[in-house]
$ cat input.cif   # mmCIF, C-alpha atoms (C1' of nucleotides)
data_final
loop_
_atom_site.label_atom_id
_atom_site.label_comp_id
_atom_site.auth_asym_id
_atom_site.auth_seq_id
_atom_site.Cartn_x
_atom_site.Cartn_y
_atom_site.Cartn_z
CA MET G 1479 32.50 4.33 -2.13
CA LEU G 1480 35.25 2.99 0.02
CA VAL G 1481 34.15 5.30 2.75
CA VAL G 1482 30.65 3.97 2.51
CA ASP G 1483 31.87 0.41 2.70
CA GLU G 1484 34.02 1.24 5.70
CA ARG G 1485 31.01 2.60 7.46
CA HIS G 1486 29.04 -0.53 6.75
CA ALA G 1487 31.93 -2.72 7.84
CA LEU G 1488 32.06 -0.84 11.11
CA LEU G 1489 28.35 -1.29 11.59
CA LEU G 1490 28.73 -5.03 11.19
CA ARG G 1491 31.62 -5.19 13.62
CA GLU G 1492 29.62 -3.22 16.14
CA HIS G 1493 26.94 -5.84 15.95
CA GLY G 1494 29.44 -8.58 16.59
CA VAL G 1495 29.18 -10.36 13.28
CA GLN G 1496 31.80 -11.28 10.74
CA VAL G 1497 32.51 -8.78 8.03
CA THR G 1498 32.32 -10.21 4.55
CA ALA G 1499 32.26 -8.67 1.12
CA GLN G 1500 28.82 -10.13 0.48
CA ARG G 1501 27.30 -8.65 3.60
CA ILE G 1502 28.68 -5.23 2.89
CA ALA G 1503 27.38 -5.36 -0.66
CA VAL G 1504 23.89 -6.35 0.48
CA LEU G 1505 23.78 -3.76 3.25
CA ARG G 1506 24.92 -1.13 0.80
CA ALA G 1507 22.35 -2.12 -1.76
CA ALA G 1508 19.62 -1.88 0.87
CA ALA G 1509 20.82 1.55 1.96
CA ASP G 1510 20.95 2.77 -1.64
CA ALA G 1511 17.51 1.55 -2.62
CA PRO G 1512 15.00 1.43 0.22
CA HIS G 1513 11.98 -0.88 -0.11
CA SER G 1514 13.79 -3.30 -2.39
CA THR G 1515 13.05 -6.99 -2.71
CA ALA G 1516 15.64 -9.68 -1.99
CA ASP G 1517 15.93 -10.21 -5.69
CA ALA G 1518 16.58 -6.57 -6.47
CA LEU G 1519 19.15 -6.40 -3.68
CA ALA G 1520 20.92 -9.47 -5.03
CA GLU G 1521 21.05 -7.80 -8.41
CA ALA G 1522 22.41 -4.58 -6.97
CA ALA G 1523 24.97 -6.44 -4.87
CA ARG G 1524 26.06 -8.29 -7.97
CA GLU G 1525 26.96 -5.03 -9.63
CA HIS G 1526 29.55 -4.40 -6.96
CA LEU G 1527 30.79 -7.90 -6.39
CA GLY G 1528 30.45 -9.51 -9.76
CA ALA G 1529 28.63 -12.44 -8.25
CA ILE G 1530 26.75 -13.43 -5.14
CA SER G 1531 24.56 -16.41 -4.46
CA LYS G 1532 20.90 -16.17 -3.69
CA GLN G 1533 21.57 -17.92 -0.42
CA ALA G 1534 24.18 -15.43 0.76
CA VAL G 1535 21.70 -12.64 0.13
CA TYR G 1536 18.94 -14.33 2.10
CA ASP G 1537 21.35 -15.19 4.90
CA ALA G 1538 22.61 -11.64 5.12
CA LEU G 1539 19.14 -10.15 4.99
CA SER G 1540 17.67 -12.28 7.72
CA MET G 1541 20.71 -11.67 9.87
CA PHE G 1542 20.31 -7.92 9.37
CA VAL G 1543 16.67 -8.15 10.31
CA ASP G 1544 17.61 -10.12 13.43
CA LYS G 1545 20.17 -7.53 14.42
CA GLY G 1546 17.77 -4.69 13.81
CA LEU G 1547 19.69 -3.18 10.93
CA LEU G 1548 16.89 -3.73 8.48
CA ARG G 1549 13.17 -4.17 8.65
CA ARG G 1550 11.30 -6.70 6.54
CA ILE G 1551 7.92 -5.79 5.08
CA GLU G 1552 5.76 -8.45 3.51
CA PRO G 1553 2.59 -7.12 1.95
CA ALA G 1554 0.07 -9.83 1.07
CA GLY G 1555 0.64 -11.03 -2.47
CA HIS G 1556 4.06 -9.43 -2.83
CA PRO G 1557 7.56 -10.67 -2.11
CA ALA G 1558 9.26 -9.29 0.99
CA HIS G 1559 10.76 -5.81 0.90
CA TYR G 1560 13.56 -4.49 3.09
CA GLU G 1561 14.09 -1.01 4.45
CA THR G 1562 16.72 0.77 6.49
CA ARG G 1563 14.32 2.94 8.44
CA VAL G 1564 14.10 0.92 11.63
CA GLY G 1565 13.12 1.53 15.22
CA ASP G 1566 10.25 3.95 14.73
CA ASN G 1567 7.49 1.50 13.84
CA HIS G 1568 6.14 3.59 11.03
CA HIS G 1569 3.65 2.03 8.65
CA HIS G 1570 3.17 1.42 4.95
CA LEU G 1571 0.90 2.23 2.10
CA VAL G 1572 0.68 -0.34 -0.66
CA CYS G 1573 -0.70 0.26 -4.13
CA ARG G 1574 -3.16 -2.47 -5.09
CA SER G 1575 -2.38 -1.93 -8.71
CA CYS G 1576 1.40 -1.73 -9.02
CA GLY G 1577 2.48 -2.84 -5.55
CA VAL G 1578 4.59 0.22 -4.84
CA LEU G 1579 5.39 0.76 -1.17
CA VAL G 1580 5.38 4.11 0.61
CA ASP G 1581 6.29 5.01 4.18
CA VAL G 1582 3.65 6.68 6.27
CA ASP G 1583 3.64 7.90 9.84
CA CYS G 1584 0.93 6.74 12.12
CA ALA G 1585 -2.37 8.55 12.42
CA THR G 1586 -2.89 8.39 16.13
CA GLY G 1587 0.19 9.90 17.72
CA GLU G 1588 3.12 8.00 19.14
CA THR G 1589 3.15 4.22 19.36
CA PRO G 1590 -0.40 4.26 18.13
CA CYS G 1591 -3.09 1.71 17.82
CA LEU G 1592 -0.51 -0.57 19.36
CA ILE G 1593 -2.62 -2.27 21.95
CA PRO G 1594 -5.72 -4.12 20.87
CA VAL G 1595 -8.71 -3.63 23.08
CA ASP G 1596 -8.68 -7.21 24.26
CA SER G 1597 -5.68 -9.33 23.52
CA GLY G 1598 -6.91 -12.34 25.44
CA ASP G 1599 -3.81 -13.93 26.89
CA PHE G 1600 -1.63 -13.20 23.92
CA ILE G 1601 1.60 -11.39 24.62
CA VAL G 1602 1.55 -8.79 21.86
CA ASP G 1603 4.88 -7.30 20.84
CA GLU G 1604 4.09 -5.50 17.60
CA ALA G 1605 1.25 -3.89 15.76
CA GLU G 1606 1.64 -3.71 12.04
CA VAL G 1607 -0.52 -1.36 10.04
CA THR G 1608 -0.84 -1.59 6.27
CA TYR G 1609 -2.86 0.84 4.23
CA TRP G 1610 -4.15 -0.35 0.88
CA GLY G 1611 -5.08 1.90 -1.98
CA ILE G 1612 -4.18 3.22 -5.39
CA CYS G 1613 -1.05 5.26 -5.93
CA PRO G 1614 -1.14 8.52 -7.84
CA SER G 1615 0.43 7.17 -10.99
CA CYS G 1616 -1.90 4.18 -11.16
CA GLN G 1617 -4.88 6.51 -10.77
CA VAL G 1618 -3.83 8.07 -14.03
CA SER G 1619 -2.73 4.97 -15.91
CA PRO G 1620 -3.48 1.67 -14.17
CA VAL G 1621 -0.92 -1.07 -14.68
CA MET S 1452 -27.07 -30.72 6.25
CA LEU S 1453 -29.44 -30.26 3.37
CA VAL S 1454 -30.85 -27.22 5.05
CA VAL S 1455 -27.41 -25.75 5.37
CA ASP S 1456 -26.66 -26.41 1.74
CA GLU S 1457 -29.94 -24.80 0.67
CA ARG S 1458 -29.03 -21.71 2.58
CA HIS S 1459 -25.66 -21.55 0.89
CA ALA S 1460 -27.19 -22.15 -2.51
CA LEU S 1461 -29.56 -19.28 -1.93
CA LEU S 1462 -26.68 -17.06 -0.91
CA LEU S 1463 -24.94 -17.82 -4.17
CA ARG S 1464 -28.04 -17.15 -6.22
CA GLU S 1465 -28.53 -13.84 -4.44
CA HIS S 1466 -25.06 -12.86 -5.54
CA GLY S 1467 -25.84 -13.71 -9.12
CA VAL S 1468 -23.42 -16.57 -9.57
CA GLN S 1469 -23.94 -20.11 -10.69
CA VAL S 1470 -24.64 -22.65 -8.00
CA THR S 1471 -22.38 -25.67 -8.14
CA ALA S 1472 -21.74 -28.51 -5.77
CA GLN S 1473 -18.11 -27.45 -5.41
CA ARG S 1474 -18.95 -23.90 -4.44
CA ILE S 1475 -21.45 -24.99 -1.86
CA ALA S 1476 -18.97 -27.43 -0.37
CA VAL S 1477 -16.27 -24.78 -0.13
CA LEU S 1478 -18.59 -22.16 1.32
CA ARG S 1479 -19.82 -24.67 3.84
CA ALA S 1480 -16.33 -25.67 4.83
CA ALA S 1481 -15.41 -22.02 5.36
CA ALA S 1482 -18.49 -21.46 7.50
CA ASP S 1483 -17.78 -24.57 9.57
CA ALA S 1484 -14.13 -23.79 10.23
CA PRO S 1485 -13.28 -20.10 10.32
CA HIS S 1486 -9.67 -19.04 9.69
CA SER S 1487 -8.91 -22.05 7.54
CA THR S 1488 -6.36 -22.19 4.75
CA ALA S 1489 -7.27 -23.02 1.17
CA ASP S 1490 -5.75 -26.43 1.69
CA ALA S 1491 -7.77 -27.17 4.79
CA LEU S 1492 -10.94 -26.02 3.04
CA ALA S 1493 -10.19 -28.26 0.07
CA GLU S 1494 -9.79 -31.16 2.46
CA ALA S 1495 -13.04 -30.37 4.25
CA ALA S 1496 -14.90 -29.94 0.97
CA ARG S 1497 -13.55 -33.30 -0.14
CA GLU S 1498 -15.25 -34.97 2.79
CA HIS S 1499 -18.61 -33.89 1.45
CA LEU S 1500 -17.99 -34.24 -2.25
CA GLY S 1501 -15.57 -37.10 -2.47
CA ALA S 1502 -13.29 -35.06 -4.69
CA ILE S 1503 -12.60 -31.50 -5.69
CA SER S 1504 -9.67 -30.01 -7.52
CA LYS S 1505 -7.31 -27.49 -6.05
CA GLN S 1506 -8.23 -25.12 -8.83
CA ALA S 1507 -11.96 -25.26 -8.13
CA VAL S 1508 -11.23 -24.38 -4.52
CA TYR S 1509 -9.05 -21.41 -5.43
CA ASP S 1510 -11.60 -20.24 -8.00
CA ALA S 1511 -14.45 -20.46 -5.54
CA LEU S 1512 -12.51 -18.75 -2.78
CA SER S 1513 -11.40 -15.78 -4.82
CA MET S 1514 -14.90 -15.40 -6.19
CA PHE S 1515 -16.29 -15.40 -2.65
CA VAL S 1516 -13.77 -12.78 -1.63
CA ASP S 1517 -14.74 -10.68 -4.65
CA LYS S 1518 -18.41 -10.93 -3.78
CA GLY S 1519 -17.77 -10.07 -0.16
CA LEU S 1520 -18.84 -13.44 1.20
CA LEU S 1521 -15.44 -14.20 2.61
CA ARG S 1522 -12.43 -12.25 3.73
CA ARG S 1523 -8.89 -13.30 2.96
CA ILE S 1524 -6.18 -12.81 5.56
CA GLU S 1525 -2.55 -13.27 4.61
CA PRO S 1526 -0.15 -12.97 7.52
CA ALA S 1527 3.48 -12.64 6.45
CA GLY S 1528 5.07 -16.04 6.24
CA HIS S 1529 1.81 -17.97 6.35
CA PRO S 1530 -0.55 -19.20 3.66
CA ALA S 1531 -3.79 -17.27 3.23
CA HIS S 1532 -6.66 -17.85 5.64
CA TYR S 1533 -10.34 -17.26 4.97
CA GLU S 1534 -13.04 -16.14 7.33
CA THR S 1535 -16.77 -15.54 7.17
CA ARG S 1536 -16.81 -12.52 9.44
CA VAL S 1537 -16.90 -9.78 6.85
CA GLY S 1538 -17.91 -6.15 6.69
CA ASP S 1539 -16.73 -5.00 10.10
CA ASN S 1540 -13.03 -4.56 9.40
CA HIS S 1541 -11.91 -6.18 12.60
CA HIS S 1542 -8.27 -7.09 12.98
CA HIS S 1543 -6.11 -10.09 13.75
CA LEU S 1544 -3.62 -11.38 16.22
CA VAL S 1545 -1.04 -13.81 14.91
CA CYS S 1546 1.13 -16.08 17.03
CA ARG S 1547 4.76 -15.86 15.96
CA SER S 1548 5.37 -19.35 17.17
CA CYS S 1549 2.50 -21.50 15.90
CA GLY S 1550 0.82 -19.11 13.49
CA VAL S 1551 -2.61 -19.34 15.06
CA LEU S 1552 -4.98 -16.53 14.12
CA VAL S 1553 -7.37 -14.77 16.48
CA ASP S 1554 -9.96 -12.08 15.80
CA VAL S 1555 -9.62 -8.85 17.69
CA ASP S 1556 -11.68 -5.69 17.68
CA CYS S 1557 -9.93 -2.43 17.10
CA ALA S 1558 -8.43 -0.42 19.90
CA THR S 1559 -9.48 3.04 18.89
CA GLY S 1560 -13.24 2.96 18.47
CA GLU S 1561 -15.09 2.61 15.21
CA THR S 1562 -13.32 2.57 11.85
CA PRO S 1563 -10.15 3.24 13.69
CA CYS S 1564 -6.68 4.18 12.71
CA LEU S 1565 -8.13 4.12 9.23
CA ILE S 1566 -6.72 7.32 7.86
CA PRO S 1567 -3.00 7.82 7.85
CA VAL S 1568 -1.84 11.24 8.80
CA ASP S 1569 -0.54 12.01 5.35
CA SER S 1570 -1.48 9.72 2.53
CA GLY S 1571 0.17 11.80 -0.15
CA ASP S 1572 -2.01 11.39 -3.20
CA PHE S 1573 -2.83 7.79 -2.56
CA ILE S 1574 -6.50 6.88 -2.51
CA VAL S 1575 -6.63 4.68 0.57
CA ASP S 1576 -9.51 2.22 0.82
CA GLU S 1577 -8.49 -0.05 3.65
CA ALA S 1578 -6.37 -0.12 6.75
CA GLU S 1579 -5.25 -3.51 7.84
CA VAL S 1580 -3.93 -4.03 11.35
CA THR S 1581 -2.05 -7.13 12.39
CA TYR S 1582 -0.90 -7.74 15.92
CA TRP S 1583 2.04 -10.08 16.42
CA GLY S 1584 2.79 -11.95 19.60
CA ILE S 1585 2.82 -15.27 21.36
CA CYS S 1586 -0.37 -17.17 22.04
CA PRO S 1587 -1.17 -18.58 25.47
CA SER S 1588 -0.41 -22.18 24.59
CA CYS S 1589 2.94 -21.33 23.00
CA GLN S 1590 3.89 -19.36 26.10
CA VAL S 1591 3.63 -22.62 28.00
CA SER S 1592 5.10 -25.00 25.45
CA PRO S 1593 6.65 -23.33 22.39
CA VAL S 1594 6.26 -25.20 19.12
"C1'" DG U 1491 -37.55 -33.54 -20.39
"C1'" DA U 1492 -33.90 -32.76 -24.09
"C1'" DC U 1493 -30.85 -29.04 -26.41
"C1'" DT U 1494 -27.44 -25.64 -26.35
"C1'" DG U 1495 -24.20 -22.05 -25.25
"C1'" DA U 1496 -21.84 -20.27 -21.39
"C1'" DT U 1497 -19.71 -21.13 -17.28
"C1'" DT U 1498 -17.12 -23.97 -14.33
"C1'" DC U 1499 -14.21 -28.00 -13.15
"C1'" DT U 1500 -10.29 -31.31 -13.82
"C1'" DT U 1501 -5.72 -32.34 -14.76
"C1'" DG U 1502 -1.20 -31.45 -14.96
"C1'" DA U 1503 2.53 -28.44 -16.00
"C1'" DC U 1504 4.53 -24.42 -14.39
"C1'" DT U 1505 6.08 -20.07 -11.68
"C1'" DC U 1506 7.79 -17.57 -7.90
"C1'" DG U 1507 9.76 -16.76 -3.56
"C1'" DG U 1508 12.18 -18.95 -0.52
"C1'" DT U 1509 14.71 -23.02 2.07
"C1'" DC U 1510 17.89 -27.07 2.64
"C1'" DC U 1511 22.08 -29.32 2.07
"C1'" DA U 1512 27.06 -30.59 1.34
"C1'" DG U 1513 31.24 -29.17 0.21
"C1'" DA U 1514 34.42 -25.15 -0.87
"C1'" DA U 1515 36.02 -20.62 0.36
"C1'" DT U 1516 36.81 -16.98 3.60
"C1'" DC U 1517 37.27 -14.82 8.04
"C1'" DG U 1518 39.78 -13.55 12.22
"C1'" DT U 1519 42.08 -15.13 16.37
"C1'" DG U 1520 46.18 -17.14 18.40
"C1'" DC Z 587 50.52 -17.93 8.80
"C1'" DA Z 588 47.72 -21.71 10.36
"C1'" DC Z 589 43.72 -23.43 12.12
"C1'" DG Z 590 38.81 -23.81 13.51
"C1'" DA Z 591 34.60 -21.56 12.92
"C1'" DT Z 592 31.73 -19.16 10.08
"C1'" DT Z 593 30.00 -18.07 5.71
"C1'" DC Z 594 29.33 -18.73 0.75
"C1'" DT Z 595 28.34 -21.47 -3.53
"C1'" DG Z 596 25.57 -24.31 -6.40
"C1'" DG Z 597 21.98 -27.00 -7.07
"C1'" DA Z 598 18.10 -29.66 -5.58
"C1'" DC Z 599 13.97 -28.98 -3.45
"C1'" DC Z 600 9.41 -27.12 -1.35
"C1'" DG Z 601 4.79 -24.95 -0.72
"C1'" DA Z 602 1.43 -21.90 -2.29
"C1'" DG Z 603 -0.58 -20.45 -5.97
"C1'" DT Z 604 -1.44 -19.70 -11.28
"C1'" DC Z 605 -2.10 -21.01 -16.21
"C1'" DA Z 606 -4.10 -23.43 -19.98
"C1'" DA Z 607 -6.79 -26.89 -22.65
"C1'" DG Z 608 -10.28 -29.86 -22.84
"C1'" DA Z 609 -14.20 -32.26 -20.32
"C1'" DA Z 610 -18.18 -31.73 -17.46
"C1'" DT Z 611 -21.95 -29.17 -15.54
"C1'" DC Z 612 -25.25 -25.49 -15.19
"C1'" DA Z 613 -29.46 -22.89 -16.44
"C1'" DG Z 614 -32.50 -20.84 -19.86
"C1'" DT Z 615 -35.34 -22.27 -23.96
"C1'" DC Z 616 -38.03 -25.02 -26.63
#

$ encode --input "input.cif" --output "structure tokens"
Amino acid sequence: MLVVDERHALLLREHGVQVTAQRIAVLRAAADAPHSTADALAEAAREHLGAISKQAVYDALSMFVDKGLLRRIEPAGHPAHYETRVGDNHHHLVCRSCGVLVDVDCATGETPCLIPVDSGDFIVDEAEVTYWGICPSCQVSPV
Amino acid sequence: MLVVDERHALLLREHGVQVTAQRIAVLRAAADAPHSTADALAEAAREHLGAISKQAVYDALSMFVDKGLLRRIEPAGHPAHYETRVGDNHHHLVCRSCGVLVDVDCATGETPCLIPVDSGDFIVDEAEVTYWGICPSCQVSPV
DNA sequence: GACTGATTCTTGACTCGGTCCAGAATCGTG
DNA sequence: CACGATTCTGGACCGAGTCAAGAATCAGTC
């Protein structure tokens, strides 16, 4: 526990940002439960801190995303989710029925379908792929 | 004008739904201005009808999407946009700065990166690709 | 052309996810 | 340990979209 928090504290220091109890709690919550929503992370952080404001959670999360510690995923029709697996530009599968999110590696090799055939004069810096379908458990008993 | 409306009315009848002034106005607005938001379409429809409720617009739009007459695009952090180009599963380029949306054909041939390498037991029915970048005009003068 | 049941539209309250703001608390450097 | 900068709290607020009840409109039948 303490060890874990120390590690997170270090990570924050390395990124040149202030270390606060709230940030550590949020970072920890995100590491413990990948693909969580801001709300769920706030709840989890609360279990360690006793209390934390909605704002502190949002602040921490967007800072983490900025610094590349977390990645934000926002499937259409669902609140944003955060994950710790960063830097490999993997993609996601979303269940149309229950909204569950699953990691998936790309079909076409390394840095895949990254460049559109004709990007006009856009400067493209990211290609985001989302697969939509029905997850195994919803195939059996739809929500 | 009338001709256009007749065509839209026919389209609705073909899809087995009631023809109403509101639906025609919304469909028309969507055809006239691709990539519009619900709000913009409501506004455009209002110019032809005088008045239309928010609800009627949302009802019409989601019905159109259901029937395959329109496609809904929801880029993270932006309200939903609707377009009339359906059935070819093309993709989109979104400007990070101003949010403008541009159609783009897929990089890797027909029905492209559609199948993830390992979908577990998910039944995948769609692959959605979104390219993020900066549009030409924002490169010159950022919003 | 009027009648009638089903569908659709209007109005207005409400939800959810997220942001804005001002003042209080906390951090970390000197 | 004191001070300035950063961050956190609490609460109001916002935009996009949904819900619900009653009024209006549609389309098939006489």

$ closest_atom_pairs --input "input.cif" --of "segment 1452-1531 of chain S" --to "segment 592-612 of chain Z" --cutoff "10 Å" --atoms "all atoms listed in the file" --output "Markdown table"
| residue | atom | partner | partner_atom | distance |
| --- | --- | --- | --- | --- |
| S:Gln1469 | CA | Z:DC612 | C1' | 7.1 |
| S:Val1470 | CA | Z:DC612 | C1' | 7.8 |
| S:Thr1471 | CA | Z:DC612 | C1' | 7.6 |
| S:Ala1472 | CA | Z:DT611 | C1' | 9.8 |
| S:Ala1489 | CA | Z:DA602 | C1' | 9.4 |
| S:Asp1490 | CA | Z:DA602 | C1' | 9.4 |
| S:Lys1505 | CA | Z:DG603 | C1' | 9.7 |
| S:Gln1506 | CA | Z:DT604 | C1' | 9.0 |
| S:Tyr1509 | CA | Z:DG603 | C1' | 8.5 |
| S:His1529 | CA | Z:DA602 | C1' | 9.5 |
| S:Pro1530 | CA | Z:DA602 | C1' | 6.8 |
| S:Ala1531 | CA | Z:DA602 | C1' | 8.9 |

$ calpha_fit_and_write --input "input.cif" --fixed "chain S" --moving "chain G" --output "short mmCIF file (atom, residue, chain, number, x, y, z; two decimals) with C-alpha atoms, keeping the file's coordinate frame"
data_model
loop_
_atom_site.label_atom_id
_atom_site.label_comp_id
_atom_site.auth_asym_id
_atom_site.auth_seq_id
_atom_site.Cartn_x
_atom_site.Cartn_y
_atom_site.Cartn_z
CA MET G 1479 -27.13 -30.65 6.35
CA LEU G 1480 -29.43 -30.24 3.43
CA VAL G 1481 -30.85 -27.19 5.06
CA VAL G 1482 -27.41 -25.74 5.41
CA ASP G 1483 -26.63 -26.40 1.79
CA GLU G 1484 -29.91 -24.83 0.73
CA ARG G 1485 -29.00 -21.72 2.61
CA HIS G 1486 -25.63 -21.55 0.93
CA ALA G 1487 -27.18 -22.18 -2.47
CA LEU G 1488 -29.55 -19.30 -1.87
CA LEU G 1489 -26.68 -17.07 -0.89
CA LEU G 1490 -24.93 -17.83 -4.15
CA ARG G 1491 -28.04 -17.18 -6.19
CA GLU G 1492 -28.52 -13.88 -4.43
CA HIS G 1493 -25.08 -12.88 -5.53
CA GLY G 1494 -25.87 -13.74 -9.11
CA VAL G 1495 -23.44 -16.58 -9.55
CA GLN G 1496 -23.95 -20.14 -10.66
CA VAL G 1497 -24.66 -22.68 -7.99
CA THR G 1498 -22.39 -25.69 -8.11
CA ALA G 1499 -21.73 -28.53 -5.73
CA GLN G 1500 -18.11 -27.46 -5.39
CA ARG G 1501 -18.95 -23.91 -4.42
CA ILE G 1502 -21.44 -25.00 -1.83
CA ALA G 1503 -18.94 -27.43 -0.35
CA VAL G 1504 -16.24 -24.77 -0.11
CA LEU G 1505 -18.58 -22.16 1.34
CA ARG G 1506 -19.78 -24.68 3.87
CA ALA G 1507 -16.28 -25.67 4.83
CA ALA G 1508 -15.38 -22.03 5.37
CA ALA G 1509 -18.46 -21.47 7.51
CA ASP G 1510 -17.72 -24.57 9.59
CA ALA G 1511 -14.08 -23.78 10.23
CA PRO G 1512 -13.25 -20.08 10.31
CA HIS G 1513 -9.65 -19.01 9.66
CA SER G 1514 -8.89 -22.03 7.51
CA THR G 1515 -6.34 -22.17 4.72
CA ALA G 1516 -7.26 -23.00 1.13
CA ASP G 1517 -5.72 -26.38 1.66
CA ALA G 1518 -7.73 -27.15 4.76
CA LEU G 1519 -10.91 -26.01 3.02
CA ALA G 1520 -10.18 -28.25 0.05
CA GLU G 1521 -9.75 -31.13 2.45
CA ALA G 1522 -12.99 -30.36 4.24
CA ALA G 1523 -14.86 -29.94 0.96
CA ARG G 1524 -13.51 -33.28 -0.16
CA GLU G 1525 -15.17 -34.96 2.78
CA HIS G 1526 -18.54 -33.90 1.47
CA LEU G 1527 -17.96 -34.24 -2.23
CA GLY G 1528 -15.53 -37.09 -2.47
CA ALA G 1529 -13.28 -35.06 -4.70
CA ILE G 1530 -12.60 -31.50 -5.71
CA SER G 1531 -9.70 -30.00 -7.59
CA LYS G 1532 -7.33 -27.50 -6.11
CA GLN G 1533 -8.29 -25.11 -8.87
CA ALA G 1534 -12.01 -25.24 -8.15
CA VAL G 1535 -11.26 -24.37 -4.54
CA TYR G 1536 -9.10 -21.40 -5.45
CA ASP G 1537 -11.64 -20.23 -8.01
CA ALA G 1538 -14.48 -20.45 -5.53
CA LEU G 1539 -12.52 -18.74 -2.79
CA SER G 1540 -11.43 -15.78 -4.84
CA MET G 1541 -14.93 -15.40 -6.20
CA PHE G 1542 -16.30 -15.39 -2.65
CA VAL G 1543 -13.79 -12.78 -1.64
CA ASP G 1544 -14.78 -10.68 -4.65
CA LYS G 1545 -18.43 -10.93 -3.76
CA GLY G 1546 -17.78 -10.09 -0.15
CA LEU G 1547 -18.84 -13.44 1.23
CA LEU G 1548 -15.44 -14.20 2.63
CA ARG G 1549 -12.44 -12.23 3.72
CA ARG G 1550 -8.89 -13.28 2.93
CA ILE G 1551 -6.17 -12.80 5.54
CA GLU G 1552 -2.55 -13.25 4.60
CA PRO G 1553 -0.16 -12.94 7.50
CA ALA G 1554 3.48 -12.61 6.46
CA GLY G 1555 5.08 -16.03 6.25
CA HIS G 1556 1.80 -17.95 6.34
CA PRO G 1557 -0.54 -19.14 3.62
CA ALA G 1558 -3.78 -17.22 3.19
CA HIS G 1559 -6.64 -17.83 5.60
CA TYR G 1560 -10.33 -17.25 4.94
CA GLU G 1561 -13.04 -16.12 7.32
CA THR G 1562 -16.76 -15.55 7.17
CA ARG G 1563 -16.81 -12.54 9.44
CA VAL G 1564 -16.91 -9.80 6.84
CA GLY G 1565 -17.92 -6.16 6.70
CA ASP G 1566 -16.74 -5.01 10.11
CA ASN G 1567 -13.04 -4.56 9.39
CA HIS G 1568 -11.93 -6.18 12.58
CA HIS G 1569 -8.28 -7.10 12.96
CA HIS G 1570 -6.11 -10.10 13.74
CA LEU G 1571 -3.63 -11.38 16.21
CA VAL G 1572 -1.06 -13.82 14.91
CA CYS G 1573 1.10 -16.09 17.03
CA ARG G 1574 4.74 -15.87 15.97
CA SER G 1575 5.33 -19.36 17.19
CA CYS G 1576 2.47 -21.49 15.91
CA GLY G 1577 0.80 -19.10 13.48
CA VAL G 1578 -2.64 -19.35 15.04
CA LEU G 1579 -5.00 -16.54 14.08
CA VAL G 1580 -7.40 -14.78 16.45
CA ASP G 1581 -9.99 -12.09 15.79
CA VAL G 1582 -9.65 -8.87 17.68
CA ASP G 1583 -11.70 -5.70 17.68
CA CYS G 1584 -9.97 -2.45 17.10
CA ALA G 1585 -8.48 -0.43 19.93
CA THR G 1586 -9.50 3.03 18.90
CA GLY G 1587 -13.25 2.96 18.46
CA GLU G 1588 -15.11 2.61 15.20
CA THR G 1589 -13.32 2.55 11.86
CA PRO G 1590 -10.13 3.26 13.72
CA CYS G 1591 -6.67 4.17 12.71
CA LEU G 1592 -8.12 4.07 9.23
CA ILE G 1593 -6.70 7.26 7.86
CA PRO G 1594 -2.96 7.75 7.85
CA VAL G 1595 -1.82 11.19 8.84
CA ASP G 1596 -0.52 11.97 5.39
CA SER G 1597 -1.45 9.70 2.56
CA GLY G 1598 0.23 11.79 -0.11
CA ASP G 1599 -1.92 11.40 -3.18
CA PHE G 1600 -2.76 7.79 -2.56
CA ILE G 1601 -6.42 6.90 -2.53
CA VAL G 1602 -6.57 4.70 0.56
CA ASP G 1603 -9.45 2.25 0.78
CA GLU G 1604 -8.45 -0.05 3.62
CA ALA G 1605 -6.34 -0.12 6.72
CA GLU G 1606 -5.23 -3.52 7.83
CA VAL G 1607 -3.95 -4.03 11.33
CA THR G 1608 -2.07 -7.15 12.39
CA TYR G 1609 -0.92 -7.75 15.92
CA TRP G 1610 2.02 -10.08 16.42
CA GLY G 1611 2.75 -11.95 19.59
CA ILE G 1612 2.78 -15.27 21.38
CA CYS G 1613 -0.42 -17.17 22.02
CA PRO G 1614 -1.22 -18.57 25.44
CA SER G 1615 -0.47 -22.16 24.57
CA CYS G 1616 2.89 -21.33 22.99
CA GLN G 1617 3.83 -19.37 26.11
CA VAL G 1618 3.56 -22.61 27.99
CA SER G 1619 5.04 -24.98 25.43
CA PRO G 1620 6.57 -23.31 22.37
CA VAL G 1621 6.20 -25.19 19.11
#

$ resolve_selection --input "input.cif" --expression "the PyMOL selection byres ((chain G and resi 1508) around 9)" --output "NGL selection string"
:G and (1503-1507 or 1509-1514 or 1519 or 1522 or 1548 or 1560-1562)

$ resolve_selection --input "input.cif" --expression "the PyMOL selection byres ((chain S) within 6 of (chain G))" --output "compact mmCIF listing (two decimals) with C-alpha atoms, in the coordinates of the input"
# COMPACT_ATOMS: atom_id res chain seq x y z
CA GLU S 1525 -2.55 -13.27 4.61
CA ALA S 1527 3.48 -12.64 6.45
CA CYS S 1557 -9.93 -2.43 17.10
CA ALA S 1558 -8.43 -0.42 19.90
CA PRO S 1567 -3.00 7.82 7.85
CA VAL S 1568 -1.84 11.24 8.80
CA ASP S 1572 -2.01 11.39 -3.20
CA PHE S 1573 -2.83 7.79 -2.56
CA ILE S 1574 -6.50 6.88 -2.51
CA VAL S 1575 -6.63 4.68 0.57
CA ASP S 1576 -9.51 2.22 0.82
CA GLU S 1577 -8.49 -0.05 3.65
CA ALA S 1578 -6.37 -0.12 6.75
CA GLU S 1579 -5.25 -3.51 7.84
CA VAL S 1580 -3.93 -4.03 11.35
CA THR S 1581 -2.05 -7.13 12.39
CA TYR S 1582 -0.90 -7.74 15.92
CA TRP S 1583 2.04 -10.08 16.42
CA GLY S 1584 2.79 -11.95 19.60
CA ILE S 1585 2.82 -15.27 21.36
CA CYS S 1586 -0.37 -17.17 22.04
CA PRO S 1587 -1.17 -18.58 25.47
